[in-house]
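Student: There's a structure below that I have some questions on.
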Number of protein chains: 2
Amino acid sequence: MYAIQKLEYYNRIAKFQQNLKEAGLDAALVHANEADFANVRYLSEYWPTFEAAAVFVPANGKPVLIIGPESENYARGRSVIPDICKMIEYREFAEPNYPGIPVAHYPDVIKMSGCGSVKKLGIVSYAITPLQVMDSLKRELPGVEIVKADHVFFPLRYVKTETELDCMRRAFEISEIAVDAILNEMKPGMTEFQVIGIAQREIYKHGGEYEGHALYCFSGPRTNNAICRPIDKKIKANEIIQLNIGARVGGYSSSVGLPVSFGKLPENQRRLAEFGLQAHIKTMDLMSAGKAASAVVKEYEEWVKAQGFGQFMLYGPCHSIGMMEVEQPWMESTSTFDLEENMTFQVDTFFAEKDFGLRWENGVIVKKYGVERMSSKFMKMIEL
Amino acid sequence: MYAIQKLEYYNRIAKFQQNLKEAGLDAALVHANEADFANVRYLSEYWPTFEAAAVFVPANGKPVLIIGPESENYARGRSVIPDICKMIEYREFAEPNYPGIPVAHYPDVIKMSGCGSVKKLGIVSYAITPLQVMDSLKRELPGVEIVKADHVFFPLRYVKTETELDCMRRAFEISEIAVDAILNEMKPGMTEFQVIGIAQREIYKHGGEYEGHALYCFSGPRTNNAICRPIDKKIKANEIIQLNIGARVGGYSSSVGLPVSFGKLPENQRRLAEFGLQAHIKTMDLMSAGKAASAVVKEYEEWVKAQGFGQFMLYGPCHSIGMMEVEQPWMESTSTFDLEENMTFQVDTFFAEKDFGLRWENGVIVKKYGVERMSSKFMKMIEL
């Protein structure tokens with residue numbers, strides 16, 4: 001039900017091939033690992049685990065999915081790209097030798113794609129493409145010019161289709177169900193890990209395929225961490241418990257974030273949390289199709305400063321969400337893009353003091369005159 | 001309770017520095033990402049999420065933890081290495097600009113480490129070190145010789161200490177608790193996702209910090225996949241349901257794997273599953289300290305072939321387990337190491353026919369006269 005159809009994948013590939021032609025590239029190699037699988041799944045539906053993967057896309061010719069030596073049956077069942085080959089560069093990090101399992105090399109991939117000769121090759125997912133891929137490319141394709149080509153690919157993912165939006169809306173629904181279960185079952189004395197377990201149970205129970213990101217439950221002074229992981233600390237009353245819970249559906253991520261507490265928070269903590277929620281809504285109110293992303297950020301930051309809370313702000317207020325919970329483009333004061341209809345953003349409002357912090361997170365879809373909220377049930381201060 | 005103490009980390013760093021000296025390296029840069037964080041956590045206890053990380057270890061001087069721009073408070077609370085710096089090369093894959101957040105460069109890291117000049121730098125975790133790290137090293141450290149140095153590091157992780165073994169034993173215990181819950185609650189008509197949800201709930205409930213690997217529940221013809229992910233397929237009677245369930249404790253992974261069914265399996269499937277279990281035990285019986293890894297593999301493979309099952313074997317029967325569910329060294333016919341006491345292996349017995357397959361997995365610790373089984377409760381054929 002919540003899945004991208006084959007035709008949509010083929011449209012993506014066709015658009016990417018058009019971009020390659022316009023950029024003067026003969027082909028691109030698009031990389032994925034377990035932690036950031038998005039670009040490969042976007043083109044193929046293939047979702048690597050244990051191993052890495054890539055899609056070789058020629059400007060003219062057929063795409064080829066490249067996998068590690070153990071994933072052939074899995075890939076043949078999952079990939080919408082029928083041409084698949086195994087390469088040692090994409091094996092597990094533990095680097096087994098796999099004696100007796102035949103593997104391909106980059107010239108074989110080019111041949112399989114039917115694209116003729118490659119003079120200029122783009123690397124997509126440059127920030128996660130590992131060194132041994134480049135070593136092999138240089139050794140096996142001498143004379144080929146190799147360039148970073150993220151800019152030719154990433155914009156394909158910016159504006160979402162209705163099918164993508166349906167996956168995301170459902171992912172946010174499941175995230176809200178999971179938060180609801182936490183609020184019903186969480187008790188002082190539980191560990192942060194145990195709170196995460198409640199969310200995991202609900203995510204999979206309601207059709208999530210995985211977590212949308214490594215889930216957050218952390219509490220007390222550690223809530224001043226912008227990035228954090230849960231530990232075996234017991235949650236207790238009268239301090240902030242930060243929840244960021246995200247389900248994944250059909251490849252698409254989500255996250256719902258809120259600070260909660262058992263009993264009353266100290267006044268300064270409650271005040272910053274309440275202001276954070278106001279700021280969170282402010283960002284949403286500033287967004288609509290046609291607006292410059294940098295203007296949203298600047299207006300937001302000026303407003304926060306004018307309210308006297310500028311010193312508690314780490315960075316600004318929105319990043320794209322889609323296959324990854326955090327993806328390009330971010331909204332920053334340095335951004336150069338305008339918001340477009342059906343771009344999807346995670347409004348991500350983090351304020352921190354020395355010994356506590358809090359984060360409100362909800363997803364929105366940019367519309368002509370504002371935003372559609374993909375989650376909004378927990379945009380309120382909750383003292384349990 | 002199940003955590004590595006500071007002193008053990010410092011011993012690891014000291015041993016690694018000794019290895020660097022012996023290898024003629026002035027320093028090493030050890031990389032981690034979200035999917036394979038092991039080498040950085042092994043040295044620092046820091047466990048990145050969203051961002052990447054590295055540890056710069058000089059042969060003489062202080063190690064420096066390198067993180068992305070958002071993780072400072074998190075890292076200061078978690079890392080046993082006190083010297084920490086932020087670099088843009090380790091930011092989130094979405095590549096935000098972070099205007100206003102100051103970042104360091106590799107010469108700053110070298111200075112912070114107090115090691116003087118670096119002429120020869122080793123790269124550890126080469127298979128996951130991304131291109132932009134090498135680009136920056138070459139730009140910022142011209143004239144420095146950069147070499148792959150995995151061999152100087154990975155052997156540190158081969159033989160486990162008692163503390164590490166305690167983490168692993170507990171992780172396997174929790175995995176067995178999770179499998180037990182699945183066997184009690186799983187019903188035909190549930191989706192593969194929902195089965196995973198049961199395991200996730202139990203892992204966190206009993207003190208697991210995360211899954212030990214992306215959990216497996218897949219069923220029917222897809223059990224011929226050596227690597228796979230669950231989908232929203234409903235499980236049903238009289239076909240193999242493959243479970244591989246692993247908890248993570250104190251950084252250490254585990255996995256318990258078994259094929260189960262509702263009602264009777266077709267005779268050929270049951271026969272291969274039962275043979276698989278015999279083969280699984282055979283591998284364990286072949287292992288003891290002092291034995292050549294390649295000998296275990298060759299004796300195992302000859303035995304399987306002699307029993308008439310050679311054509312169903314994809315690859316051979318053991319890989320190391322520790323911080324990663326699959327880590328170096330693998331046992332292969334090409335292996336050149338001998339088993340040592342307190343090496344930990346995942347006995348991983350996979351057999352596949354055209355339209356089904358099965359995998360038995362349990363962890364063992366190599367001892368003088370055999371192995372200690374870290375899990376063994378589910379080494380039996382289960383028809384529910």
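By convention in this document, the chains of the structure tokens carry letters A, B, ... by their order, each chain's residues are numbered from 1, and ligands are numbered from 1 in the order they are shown.
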Pick out the chain B residues within 7 Å of chain A. Count only C-alpha atoms. Give them as a PDB file with N, CA and C atoms, in the first residue's frame.

Tutor:
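And here is the file that came out, selection-v3.pdb:
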ATOM      1  N   GLU B  34      27.809   5.949  11.107  1.00  0.00           N
ATOM      2  CA  GLU B  34      26.710   5.377  11.897  1.00  0.00           C
ATOM      3  C   GLU B  34      26.621   3.868  11.722  1.00  0.00           C
ATOM      4  N   ALA B  35      26.895   3.368  10.522  1.00  0.00           N
ATOM      5  CA  ALA B  35      26.714   1.941  10.249  1.00  0.00           C
ATOM      6  C   ALA B  35      27.884   1.118  10.774  1.00  0.00           C
ATOM      7  N   GLU B  70      27.555  19.193  15.283  1.00  0.00           N
ATOM      8  CA  GLU B  70      26.408  19.198  16.199  1.00  0.00           C
ATOM      9  C   GLU B  70      26.608  18.366  17.468  1.00  0.00           C
ATOM     10  N   SER B  71      27.694  17.623  17.540  1.00  0.00           N
ATOM     11  CA  SER B  71      27.805  16.596  18.583  1.00  0.00           C
ATOM     12  C   SER B  71      28.664  16.974  19.778  1.00  0.00           C
ATOM     13  N   ASN B  73      28.343  18.580  22.795  1.00  0.00           N
ATOM     14  CA  ASN B  73      27.914  18.232  24.159  1.00  0.00           C
ATOM     15  C   ASN B  73      27.808  16.715  24.328  1.00  0.00           C
ATOM     16  N   TYR B  74      27.267  16.060  23.318  1.00  0.00           N
ATOM     17  CA  TYR B  74      27.146  14.597  23.362  1.00  0.00           C
ATOM     18  C   TYR B  74      28.522  13.948  23.525  1.00  0.00           C
ATOM     19  N   PHE B  93      25.351  13.719   6.412  1.00  0.00           N
ATOM     20  CA  PHE B  93      25.439  13.493   4.966  1.00  0.00           C
ATOM     21  C   PHE B  93      24.721  14.585   4.180  1.00  0.00           C
ATOM     22  N   ALA B  94      23.745  15.241   4.812  1.00  0.00           N
ATOM     23  CA  ALA B  94      22.982  16.278   4.107  1.00  0.00           C
ATOM     24  C   ALA B  94      23.810  17.546   3.901  1.00  0.00           C
ATOM     25  N   PRO B  96      24.983  20.304   5.712  1.00  0.00           N
ATOM     26  CA  PRO B  96      24.663  21.692   6.077  1.00  0.00           C
ATOM     27  C   PRO B  96      25.935  22.532   6.161  1.00  0.00           C
ATOM     28  N   TYR B 126      39.682   1.853   6.378  1.00  0.00           N
ATOM     29  CA  TYR B 126      39.841   2.325   4.998  1.00  0.00           C
ATOM     30  C   TYR B 126      38.570   2.107   4.177  1.00  0.00           C
ATOM     31  N   ALA B 127      37.924   0.961   4.389  1.00  0.00           N
ATOM     32  CA  ALA B 127      36.753   0.595   3.567  1.00  0.00           C
ATOM     33  C   ALA B 127      35.557   1.505   3.789  1.00  0.00           C
ATOM     34  N   ILE B 128      35.575   2.310   4.851  1.00  0.00           N
ATOM     35  CA  ILE B 128      34.458   3.243   5.059  1.00  0.00           C
ATOM     36  C   ILE B 128      34.921   4.693   5.161  1.00  0.00           C
ATOM     37  N   THR B 129      36.204   4.937   4.957  1.00  0.00           N
ATOM     38  CA  THR B 129      36.677   6.327   4.996  1.00  0.00           C
ATOM     39  C   THR B 129      36.261   7.011   3.697  1.00  0.00           C
ATOM     40  N   PRO B 130      35.530   8.117   3.793  1.00  0.00           N
ATOM     41  CA  PRO B 130      34.986   8.717   2.568  1.00  0.00           C
ATOM     42  C   PRO B 130      35.968   9.640   1.857  1.00  0.00           C
ATOM     43  N   LEU B 131      35.635   9.902   0.601  1.00  0.00           N
ATOM     44  CA  LEU B 131      36.542  10.644  -0.275  1.00  0.00           C
ATOM     45  C   LEU B 131      36.909  12.017   0.261  1.00  0.00           C
ATOM     46  N   GLN B 132      35.933  12.713   0.887  1.00  0.00           N
ATOM     47  CA  GLN B 132      36.253  14.094   1.284  1.00  0.00           C
ATOM     48  C   GLN B 132      37.264  14.143   2.422  1.00  0.00           C
ATOM     49  N   PHE B 193       7.358  -7.570   9.653  1.00  0.00           N
ATOM     50  CA  PHE B 193       7.652  -6.374  10.457  1.00  0.00           C
ATOM     51  C   PHE B 193       7.190  -6.554  11.909  1.00  0.00           C
ATOM     52  N   GLN B 194       5.983  -7.090  12.059  1.00  0.00           N
ATOM     53  CA  GLN B 194       5.425  -7.201  13.414  1.00  0.00           C
ATOM     54  C   GLN B 194       6.235  -8.156  14.288  1.00  0.00           C
ATOM     55  N   ILE B 196       9.439  -8.532  14.048  1.00  0.00           N
ATOM     56  CA  ILE B 196      10.607  -7.728  14.448  1.00  0.00           C
ATOM     57  C   ILE B 196      10.259  -6.825  15.634  1.00  0.00           C
ATOM     58  N   GLY B 197       9.057  -6.288  15.624  1.00  0.00           N
ATOM     59  CA  GLY B 197       8.633  -5.408  16.725  1.00  0.00           C
ATOM     60  C   GLY B 197       8.666  -6.105  18.081  1.00  0.00           C
ATOM     61  N   ILE B 198       8.306  -7.378  18.100  1.00  0.00           N
ATOM     62  CA  ILE B 198       8.361  -8.143  19.355  1.00  0.00           C
ATOM     63  C   ILE B 198       9.803  -8.198  19.861  1.00  0.00           C
ATOM     64  N   GLN B 200      12.334  -6.183  19.095  1.00  0.00           N
ATOM     65  CA  GLN B 200      12.829  -4.853  19.484  1.00  0.00           C
ATOM     66  C   GLN B 200      12.366  -4.509  20.895  1.00  0.00           C
ATOM     67  N   ARG B 201      11.091  -4.763  21.169  1.00  0.00           N
ATOM     68  CA  ARG B 201      10.541  -4.488  22.502  1.00  0.00           C
ATOM     69  C   ARG B 201      11.370  -5.187  23.578  1.00  0.00           C
ATOM     70  N   TYR B 204      15.216  -3.841  24.160  1.00  0.00           N
ATOM     71  CA  TYR B 204      15.354  -2.620  24.975  1.00  0.00           C
ATOM     72  C   TYR B 204      14.843  -2.832  26.390  1.00  0.00           C
ATOM     73  N   LYS B 205      13.797  -3.656  26.529  1.00  0.00           N
ATOM     74  CA  LYS B 205      13.225  -3.912  27.861  1.00  0.00           C
ATOM     75  C   LYS B 205      14.270  -4.521  28.794  1.00  0.00           C
ATOM     76  N   GLY B 207      17.572  -4.212  28.621  1.00  0.00           N
ATOM     77  CA  GLY B 207      18.831  -3.499  28.784  1.00  0.00           C
ATOM     78  C   GLY B 207      19.710  -3.443  27.548  1.00  0.00           C
ATOM     79  N   GLU B 209      21.095  -1.812  24.284  1.00  0.00           N
ATOM     80  CA  GLU B 209      21.209  -0.388  23.943  1.00  0.00           C
ATOM     81  C   GLU B 209      20.762  -0.135  22.509  1.00  0.00           C
ATOM     82  N   ASN B 225      17.588 -16.087   0.611  1.00  0.00           N
ATOM     83  CA  ASN B 225      18.446 -14.895   0.619  1.00  0.00           C
ATOM     84  C   ASN B 225      19.486 -14.998   1.734  1.00  0.00           C
ATOM     85  N   ALA B 226      20.753 -14.886   1.371  1.00  0.00           N
ATOM     86  CA  ALA B 226      21.805 -14.890   2.396  1.00  0.00           C
ATOM     87  C   ALA B 226      21.713 -13.609   3.223  1.00  0.00           C
ATOM     88  N   ILE B 227      21.435 -12.514   2.543  1.00  0.00           N
ATOM     89  CA  ILE B 227      21.206 -11.226   3.192  1.00  0.00           C
ATOM     90  C   ILE B 227      19.815 -10.787   2.795  1.00  0.00           C
ATOM     91  N   CYS B 228      19.063 -10.232   3.697  1.00  0.00           N
ATOM     92  CA  CYS B 228      17.686  -9.852   3.372  1.00  0.00           C
ATOM     93  C   CYS B 228      17.204  -8.837   4.392  1.00  0.00           C
ATOM     94  N   ILE B 231       9.886  -7.614   5.167  1.00  0.00           N
ATOM     95  CA  ILE B 231       8.918  -6.792   4.415  1.00  0.00           C
ATOM     96  C   ILE B 231       7.546  -6.956   5.077  1.00  0.00           C
ATOM     97  N   VAL B 326      29.269  -8.788  12.268  1.00  0.00           N
ATOM     98  CA  VAL B 326      30.256  -9.408  11.378  1.00  0.00           C
ATOM     99  C   VAL B 326      31.516  -8.570  11.443  1.00  0.00           C
ATOM    100  N   GLU B 327      32.589  -9.155  11.934  1.00  0.00           N
ATOM    101  CA  GLU B 327      33.838  -8.405  11.941  1.00  0.00           C
ATOM    102  C   GLU B 327      35.006  -9.304  11.556  1.00  0.00           C
ATOM    103  N   GLN B 328      36.159  -8.693  11.395  1.00  0.00           N
ATOM    104  CA  GLN B 328      37.372  -9.439  11.067  1.00  0.00           C
ATOM    105  C   GLN B 328      37.824 -10.246  12.277  1.00  0.00           C
ATOM    106  N   TRP B 330      37.298 -13.281   9.269  1.00  0.00           N
ATOM    107  CA  TRP B 330      36.444 -14.383   8.827  1.00  0.00           C
ATOM    108  C   TRP B 330      37.253 -15.672   8.833  1.00  0.00           C
TER     109      TRP B 330
END

Student: Could you name the residues that touch Ser255 of chain B at 8 Å or less, counting only C-alpha atoms, but leaving out those on the same chain fewer than 4 positions away, as a PyMOL selection string?

Tutor: chain B and resi 172+175+212-213+244-247+325+346+361-363

Student: Output all heavy atoms for every residue in that selection, as a short mmCIF file (atom, residue, chain, number, x, y, z; two decimals), in the first residue's frame.

Tutor:
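To be explicit, this is the file written out as selection-v5.cif:
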data_model
loop_
_atom_site.label_atom_id
_atom_site.label_comp_id
_atom_site.auth_asym_id
_atom_site.auth_seq_id
_atom_site.Cartn_x
_atom_site.Cartn_y
_atom_site.Cartn_z
N PHE B 172 23.92 -11.93 24.11
CA PHE B 172 23.34 -13.18 23.63
C PHE B 172 22.17 -13.63 24.50
O PHE B 172 21.17 -14.14 23.99
CB PHE B 172 24.42 -14.28 23.54
CG PHE B 172 25.18 -14.25 22.25
CD1 PHE B 172 26.40 -13.60 22.15
CD2 PHE B 172 24.66 -14.85 21.11
CE1 PHE B 172 27.10 -13.56 20.95
CE2 PHE B 172 25.34 -14.82 19.91
CZ PHE B 172 26.58 -14.17 19.82
N SER B 175 19.27 -11.69 23.42
CA SER B 175 18.79 -12.18 22.12
C SER B 175 17.93 -13.43 22.31
O SER B 175 16.91 -13.59 21.65
CB SER B 175 19.97 -12.50 21.20
OG SER B 175 20.72 -11.33 20.94
N GLY B 212 21.71 -5.48 17.56
CA GLY B 212 23.10 -5.84 17.26
C GLY B 212 23.40 -5.80 15.77
O GLY B 212 24.55 -5.75 15.35
N HIS B 213 22.36 -5.86 14.99
CA HIS B 213 22.41 -5.77 13.52
C HIS B 213 20.98 -5.56 13.07
O HIS B 213 20.05 -5.75 13.86
CB HIS B 213 23.00 -7.06 12.91
CG HIS B 213 22.21 -8.28 13.25
ND1 HIS B 213 21.15 -8.74 12.48
CD2 HIS B 213 22.27 -9.13 14.31
CE1 HIS B 213 20.63 -9.82 13.03
NE2 HIS B 213 21.29 -10.09 14.15
N ASN B 244 16.72 -14.01 12.72
CA ASN B 244 18.08 -13.70 13.21
C ASN B 244 17.95 -12.45 14.06
O ASN B 244 17.71 -11.35 13.54
CB ASN B 244 19.05 -13.47 12.05
CG ASN B 244 19.35 -14.75 11.30
OD1 ASN B 244 18.47 -15.26 10.61
ND2 ASN B 244 20.53 -15.29 11.46
N ILE B 245 18.08 -12.64 15.35
CA ILE B 245 17.73 -11.62 16.33
C ILE B 245 18.96 -11.33 17.18
O ILE B 245 19.53 -12.24 17.79
CB ILE B 245 16.58 -12.13 17.22
CG1 ILE B 245 15.35 -12.49 16.36
CG2 ILE B 245 16.23 -11.10 18.30
CD1 ILE B 245 14.74 -11.35 15.55
N GLY B 246 19.37 -10.06 17.20
CA GLY B 246 20.58 -9.72 17.94
C GLY B 246 20.44 -8.45 18.76
O GLY B 246 20.04 -7.41 18.24
N ALA B 247 20.79 -8.54 20.03
CA ALA B 247 20.82 -7.36 20.90
C ALA B 247 22.25 -6.81 20.96
O ALA B 247 23.21 -7.53 20.66
CB ALA B 247 20.37 -7.75 22.31
N GLU B 325 28.36 -7.28 14.34
CA GLU B 325 27.89 -8.66 14.26
C GLU B 325 28.78 -9.45 13.30
O GLU B 325 29.01 -10.64 13.50
CB GLU B 325 26.42 -8.71 13.82
CG GLU B 325 25.72 -10.02 14.14
CD GLU B 325 25.80 -11.03 13.01
OE1 GLU B 325 25.80 -10.63 11.83
OE2 GLU B 325 25.86 -12.24 13.31
N GLN B 346 30.93 -16.08 15.42
CA GLN B 346 29.55 -16.37 15.15
C GLN B 346 29.57 -17.59 14.22
O GLN B 346 30.07 -17.51 13.09
CB GLN B 346 28.91 -15.15 14.48
CG GLN B 346 27.42 -15.22 14.34
CD GLN B 346 26.70 -15.09 15.68
OE1 GLN B 346 27.30 -15.11 16.75
NE2 GLN B 346 25.39 -14.99 15.61
N GLU B 361 22.49 -19.63 13.62
CA GLU B 361 23.56 -18.75 14.11
C GLU B 361 23.62 -18.77 15.62
O GLU B 361 22.60 -18.54 16.28
CB GLU B 361 23.35 -17.30 13.66
CG GLU B 361 23.78 -17.04 12.26
CD GLU B 361 24.16 -15.57 12.04
OE1 GLU B 361 25.05 -15.06 12.77
OE2 GLU B 361 23.57 -14.96 11.17
N ASN B 362 24.81 -19.00 16.13
CA ASN B 362 25.04 -18.88 17.56
C ASN B 362 26.48 -18.42 17.77
O ASN B 362 27.35 -18.66 16.94
CB ASN B 362 24.82 -20.22 18.27
CG ASN B 362 23.33 -20.57 18.36
OD1 ASN B 362 22.63 -20.10 19.24
ND2 ASN B 362 22.86 -21.38 17.43
N GLY B 363 26.71 -17.78 18.91
CA GLY B 363 28.04 -17.25 19.21
C GLY B 363 28.84 -18.19 20.09
O GLY B 363 28.27 -18.84 20.97
#

Student: Any chance you could list, as a PyMOL selection string, the residues in segment 156-326 of chain A that come up strand (DSSP E) when DSSP is run on the backbone?

Tutor: chain A and resi 210-211+216-219+241-245+247-248+256-261+318-320

Student: Env of Ser79 of chain A: 10 Å cut, atoms = only C-alpha atoms, seq-sep filter 2 positions within chain, self excluded. Answer as a PyMOL selection string.

Tutor: chain A and resi 6+40-41+43-47+65+74-77+81-84

Student: Dump N, CA and C atoms for the selected residues as a compact mmCIF listing (two decimals), in the first residue's frame?

Tutor:
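The result, written out as out38.txt:
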# COMPACT_ATOMS: atom_id res chain seq x y z
N LYS A 6 7.03 0.82 -9.67
CA LYS A 6 8.16 0.71 -10.62
C LYS A 6 8.28 1.91 -11.54
N VAL A 40 20.64 5.17 -3.51
CA VAL A 40 20.52 3.90 -4.23
C VAL A 40 19.08 3.39 -4.18
N ARG A 41 18.46 3.51 -3.02
CA ARG A 41 17.06 3.06 -2.93
C ARG A 41 16.16 3.94 -3.78
N LEU A 43 16.70 5.11 -6.61
CA LEU A 43 16.77 4.70 -8.02
C LEU A 43 16.34 3.26 -8.25
N SER A 44 16.43 2.42 -7.22
CA SER A 44 16.32 0.98 -7.47
C SER A 44 15.36 0.23 -6.54
N GLU A 45 14.96 0.85 -5.44
CA GLU A 45 14.24 0.23 -4.32
C GLU A 45 15.14 -0.73 -3.53
N TYR A 46 16.32 -1.02 -4.02
CA TYR A 46 17.23 -1.90 -3.29
C TYR A 46 17.74 -1.18 -2.04
N TRP A 47 17.71 -1.92 -0.92
CA TRP A 47 18.05 -1.34 0.38
C TRP A 47 19.11 -2.22 1.02
N LEU A 65 22.68 -2.10 -11.12
CA LEU A 65 22.81 -2.12 -9.67
C LEU A 65 24.05 -2.92 -9.29
N TYR A 74 18.75 -11.53 -2.65
CA TYR A 74 18.00 -10.41 -2.05
C TYR A 74 17.80 -9.30 -3.09
N ALA A 75 18.86 -8.95 -3.77
CA ALA A 75 18.78 -7.86 -4.75
C ALA A 75 17.86 -8.22 -5.92
N ARG A 76 17.95 -9.46 -6.38
CA ARG A 76 17.10 -9.85 -7.52
C ARG A 76 15.63 -9.81 -7.14
N GLY A 77 15.32 -10.05 -5.89
CA GLY A 77 13.93 -9.98 -5.45
C GLY A 77 13.44 -8.57 -5.19
N ILE A 81 15.74 -2.45 -10.87
CA ILE A 81 16.75 -2.47 -11.94
C ILE A 81 17.14 -3.93 -12.15
N PRO A 82 16.89 -4.48 -13.34
CA PRO A 82 17.14 -5.91 -13.53
C PRO A 82 18.61 -6.28 -13.72
N ASP A 83 19.42 -5.35 -14.15
CA ASP A 83 20.84 -5.66 -14.39
C ASP A 83 21.62 -5.44 -13.11
N ILE A 84 22.18 -6.52 -12.60
CA ILE A 84 22.81 -6.51 -11.27
C ILE A 84 24.16 -7.18 -11.36

Student: Just the number, please: distance in Å from atom CA of Gly310 of chain A to atom CA of Arg270 of chain A, one decimal.

Tutor: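 So the answer is 16.9 Å.
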
Student: Select from segment 6-246 of chain A everything DSSP, run on the backbone, classes as helix (DSSP H, G or I), then give the selection as a PyMOL selection string.

Tutor: chain A and resi 6-22+38-44+72-78+88-90+106-113+126-128+131-140+150-157+162-185+192-205+220-224

Student: Any idea what the distance is between atom CA of Glu211 of chain A and atom CA of Phe153 of chain A?

Tutor: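 Separating atom CA of Glu211 of chain A from atom CA of Phe153 of chain A is a distance of 25.0 Å.
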
Student: Counting only C-alpha atoms, which of B:Ala53, B:Ala32, B:Ile382, B:Ala292 gets nearest to Lys264 of chain B?

Tutor: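 With only C-alpha atoms as the atom set, the closest residue is B:Ile382.
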
Student: From the list B:Arg169, B:Lys120, B:Lys15, B:Arg271, which residue is nearest Val364 of chain B when using only C-alpha atoms?

Tutor: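 Ranking B:Arg169, B:Lys120, B:Lys15, B:Arg271 by distance to Val364 of chain B, first place goes to B:Arg169.
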
Student: Could you name the residues that touch Gln311 of chain A at 12 Å or less, counting only C-alpha atoms, but leaving out those on the same chain fewer than 5 positions away, as a ChimeraX atom specification?

Tutor: /A:272,301-302,304-306,350-354
